[in-house]
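Asker: The structure under discussion is supplied below as structure tokens; questions concerning it will follow.
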Amino acid sequence: MLTAIFITIGVLFNLLGCIGIIRLPDTYNRLQAATKCVTLGCCSILVGVVFHFGLSDASTKALVAIPVLFFASTVGAHALIRGTYHFGIKLGKKSVKDDYKETIK
Amino acid sequence: MSNYLDILLYIQIGLSVVCMYRIIIGPTIPDRMVGADIFGILVVGICAIISIQTEKSFILDIGIAWIILSFIGTLTLAKYLTGKKLNE
């Protein structure tokens, strides 16, 4: 029962993140929404796997996968968004503040 | 229980198809890379749900290997976007 609850929460977060990929107007907005929601959703699915298998080898693998997924996806998104800024993609029309422009001068 | 997890698995596969849509129609190159990055994370969730349904634990190994390969791929693409060579 606990497994179904955690996996439902995870799939719901993934659904919201993918709606963000489709709907948002800007590359930076898309990456921000998608990375946060999808990382939390997949971690929640892996927590559901831990509750399903109990104390066994599969739950150990899931417990190892959670921090690997957390650090890998966030560091990758940071590098990707820095590369996007250096590539020359402009901010969206409704953006009001750009602090990184003064930082890299 | 198994029928309910089937529905969630189909929803998750449909979400990865949404990422494919962003990869195909993305107006610029970084949009396509965002789609590829998110696709690599979603596959881990698919592997986890399949490992519950089949009661086999080696599918989680595939998930862990997929995370690490997707991370290296994302870093390589980000390095390409900044305009430098891979050895500097």
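Order determines the names: the first chain of the structure tokens is A, the second B, and so forth; residues in each chain are numbered 1 upward, and ligands are numbered 1 upward as they are shown.
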Give me, as a PyMOL selection string, all polymer residues having an atom no more than 6 Å from segment 45-59 of chain B, counting only C-alpha atoms and skipping those fewer than 4 positions away in the same chain.
Answerer: (chain A and resi 42+58) or (chain B and resi 63)
Asker: Limited to C-alpha atoms, could you put the picked residues into a file as a PDB file, in the first residue's frame?
Answerer:
ATOM      1  CA  CYS A  42      12.068   9.557  -9.671  1.00  0.00           C
ATOM      2  CA  ALA A  58      17.094  -4.837  -4.508  1.00  0.00           C
TER       3      ALA A  58
ATOM      4  CA  GLY B  63      18.909   2.186 -13.975  1.00  0.00           C
TER       5      GLY B  63
END
Asker: Ile23 of chain B: which residues within 7 Å, counting only C-alpha atoms, same-chain residues fewer than 5 positions away excluded, as a list of chain:residue names?
Answerer: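 Counting only the stated atoms, we get B:Arg32, B:Gly35, B:Ala36.
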Asker: May I have the residues within 10 Å of Ser73 of chain A as a tab-separated table (two decimals) with C-alpha atoms, in the first residue's frame, using only C-alpha atoms and disregarding those fewer than 4 positions away in the same chain?
Answerer:
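This went into out_36.tsv:
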chain	number	residue	atom	x	y	z
A	35	THR	CA	14.82	19.20	-13.43
A	36	LYS	CA	13.26	19.92	-10.04
A	38	VAL	CA	11.48	14.99	-12.43
A	39	THR	CA	14.33	14.49	-9.94
A	67	PRO	CA	21.82	9.92	-4.01
A	68	VAL	CA	23.47	9.12	-7.35
A	69	LEU	CA	20.37	10.34	-9.17
A	77	ALA	CA	21.44	20.72	-15.12
A	78	HIS	CA	23.77	23.38	-13.69
B	37	ASP	CA	18.64	15.20	-20.12
B	38	ILE	CA	15.11	14.80	-18.76
B	40	GLY	CA	17.61	10.07	-19.17
B	41	ILE	CA	16.12	10.71	-15.72
B	67	ILE	CA	22.03	7.62	-14.69
B	68	ILE	CA	25.83	7.69	-14.85
B	70	SER	CA	23.33	10.21	-18.99
B	71	PHE	CA	25.33	12.42	-16.57
B	74	THR	CA	25.02	15.89	-20.39
Asker: So the first atom is atom CA of Ser2 of chain B and the second is atom CA of Leu15 of chain B; what is the distance between them in Å, to one decimal place?
Answerer: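 Distance reported for this atom pair: 20.0 Å.
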Asker: Any idea what's packed within 6 Å of segment 12-17 of chain A, counting only C-alpha atoms, ignoring anything in its chain fewer than 2 positions away? Could you give it as a list in words?
Answerer: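 Within the cut-off, the hits are Ile9, Gly10, Ile19, Gly20, Ala33, Ala34, Cys37, Val38 and Gly41 of chain A.
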Asker: I need the helix (DSSP H, G or I) residues of chain A per DSSP on the backbone, written as a ChimeraX atom specification.
Answerer: /A:2-23,27-53,57-87,100-103
Asker: Can you write out the residues you just picked, keeping C-alpha atoms, as a tab-separated table (two decimals), in the first residue's frame?
Answerer:
chain	number	residue	atom	x	y	z
A	2	LEU	CA	2.83	2.39	0.91
A	3	THR	CA	4.50	1.43	-2.37
A	4	ALA	CA	1.44	2.50	-4.38
A	5	ILE	CA	1.24	5.83	-2.53
A	6	PHE	CA	4.90	6.72	-3.13
A	7	ILE	CA	4.85	5.66	-6.80
A	8	THR	CA	1.65	7.64	-7.39
A	9	ILE	CA	3.28	10.76	-5.91
A	10	GLY	CA	6.33	10.22	-8.11
A	11	VAL	CA	4.38	9.81	-11.33
A	12	LEU	CA	2.33	12.90	-10.46
A	13	PHE	CA	5.50	14.99	-10.04
A	14	ASN	CA	6.85	13.62	-13.34
A	15	LEU	CA	3.59	14.58	-15.04
A	16	LEU	CA	3.84	18.17	-13.74
A	17	GLY	CA	7.46	18.41	-14.89
A	18	CYS	CA	6.62	17.24	-18.39
A	19	ILE	CA	3.73	19.72	-18.60
A	20	GLY	CA	6.37	22.32	-17.74
A	21	ILE	CA	8.58	21.10	-20.62
A	22	ILE	CA	5.72	21.61	-23.07
A	23	ARG	CA	4.13	24.80	-21.76
A	27	THR	CA	14.81	27.40	-22.27
A	28	TYR	CA	15.82	28.41	-18.74
A	29	ASN	CA	12.26	28.09	-17.41
A	30	ARG	CA	11.85	24.70	-19.05
A	31	LEU	CA	15.08	23.31	-17.59
A	32	GLN	CA	14.34	24.68	-14.12
A	33	ALA	CA	10.82	23.25	-13.92
A	34	ALA	CA	11.69	19.91	-15.47
A	35	THR	CA	14.82	19.20	-13.43
A	36	LYS	CA	13.26	19.92	-10.04
A	37	CYS	CA	10.04	17.99	-10.60
A	38	VAL	CA	11.48	14.99	-12.43
A	39	THR	CA	14.33	14.49	-9.94
A	40	LEU	CA	11.97	14.49	-6.97
A	41	GLY	CA	9.51	12.22	-8.80
A	42	CYS	CA	12.07	9.56	-9.67
A	43	CYS	CA	13.50	9.64	-6.13
A	44	SER	CA	9.97	9.07	-4.81
A	45	ILE	CA	9.51	6.09	-7.15
A	46	LEU	CA	12.77	4.60	-5.85
A	47	VAL	CA	11.57	5.07	-2.24
A	48	GLY	CA	8.49	3.08	-3.24
A	49	VAL	CA	10.79	0.31	-4.53
A	50	VAL	CA	12.58	0.26	-1.14
A	51	PHE	CA	9.26	-0.20	0.69
A	52	HIS	CA	8.20	-2.97	-1.68
A	53	PHE	CA	11.30	-5.16	-1.41
A	57	ASP	CA	19.59	-6.73	-2.35
A	58	ALA	CA	17.09	-4.84	-4.51
A	59	SER	CA	16.33	-2.29	-1.79
A	60	THR	CA	20.07	-1.72	-1.28
A	61	LYS	CA	20.45	-0.98	-4.97
A	62	ALA	CA	17.54	1.46	-4.82
A	63	LEU	CA	19.05	3.19	-1.77
A	64	VAL	CA	22.33	3.60	-3.66
A	65	ALA	CA	20.52	4.90	-6.74
A	66	ILE	CA	18.75	7.73	-4.86
A	67	PRO	CA	21.82	9.92	-4.01
A	68	VAL	CA	23.47	9.12	-7.35
A	69	LEU	CA	20.37	10.34	-9.17
A	70	PHE	CA	20.08	13.41	-6.95
A	71	PHE	CA	23.64	14.66	-7.44
A	72	ALA	CA	24.00	13.65	-11.10
A	73	SER	CA	20.84	15.36	-12.31
A	74	THR	CA	21.39	18.61	-10.42
A	75	VAL	CA	25.06	18.97	-11.41
A	76	GLY	CA	24.21	18.12	-15.01
A	77	ALA	CA	21.44	20.72	-15.12
A	78	HIS	CA	23.77	23.38	-13.69
A	79	ALA	CA	26.43	22.67	-16.32
A	80	LEU	CA	23.83	22.62	-19.07
A	81	ILE	CA	22.33	25.97	-18.12
A	82	ARG	CA	25.78	27.58	-17.89
A	83	GLY	CA	26.58	26.28	-21.36
A	84	THR	CA	23.25	27.59	-22.62
A	85	TYR	CA	24.06	31.09	-21.37
A	86	HIS	CA	27.50	31.06	-22.97
A	87	PHE	CA	25.98	29.74	-26.22
A	100	TYR	CA	24.84	36.54	-14.17
A	101	LYS	CA	25.70	39.13	-16.82
A	102	GLU	CA	27.56	41.30	-14.30
A	103	THR	CA	29.19	38.26	-12.71
Asker: Which residues, written as a count of residues only, have at least one atom at most 8 Å from Phe39 of chain B, with only C-alpha atoms counted and residues fewer than 5 positions away on the same chain left out?
Answerer: 3
Asker: For Pro30 of chain B, which residue out of B:Ile72, B:Ile7, B:Ala78, B:Leu60 is the nearest one, using only C-alpha atoms?
Answerer: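 Going through B:Ile72, B:Ile7, B:Ala78, B:Leu60 one by one, the smallest distance to Pro30 of chain B is for B:Ala78.
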Asker: Report, in Å with one decimal, the straight-line distance from atom CA of Leu81 of chain B to atom CA of Gln12 of chain B.
Answerer: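 If I compute the distance from atom CA of Leu81 of chain B to atom CA of Gln12 of chain B, I get 29.4 Å.
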Asker: A:Leu91, A:Met1, A:Ile104, A:Val96: which is nearest chain B, counting only C-alpha atoms?
Answerer: A:Met1
Asker: For the atom pair atom CA of Ile29 of chain B and atom CA of Tyr80 of chain B, what is the interatomic distance in Å to one decimal place?
Answerer: 10.9 Å
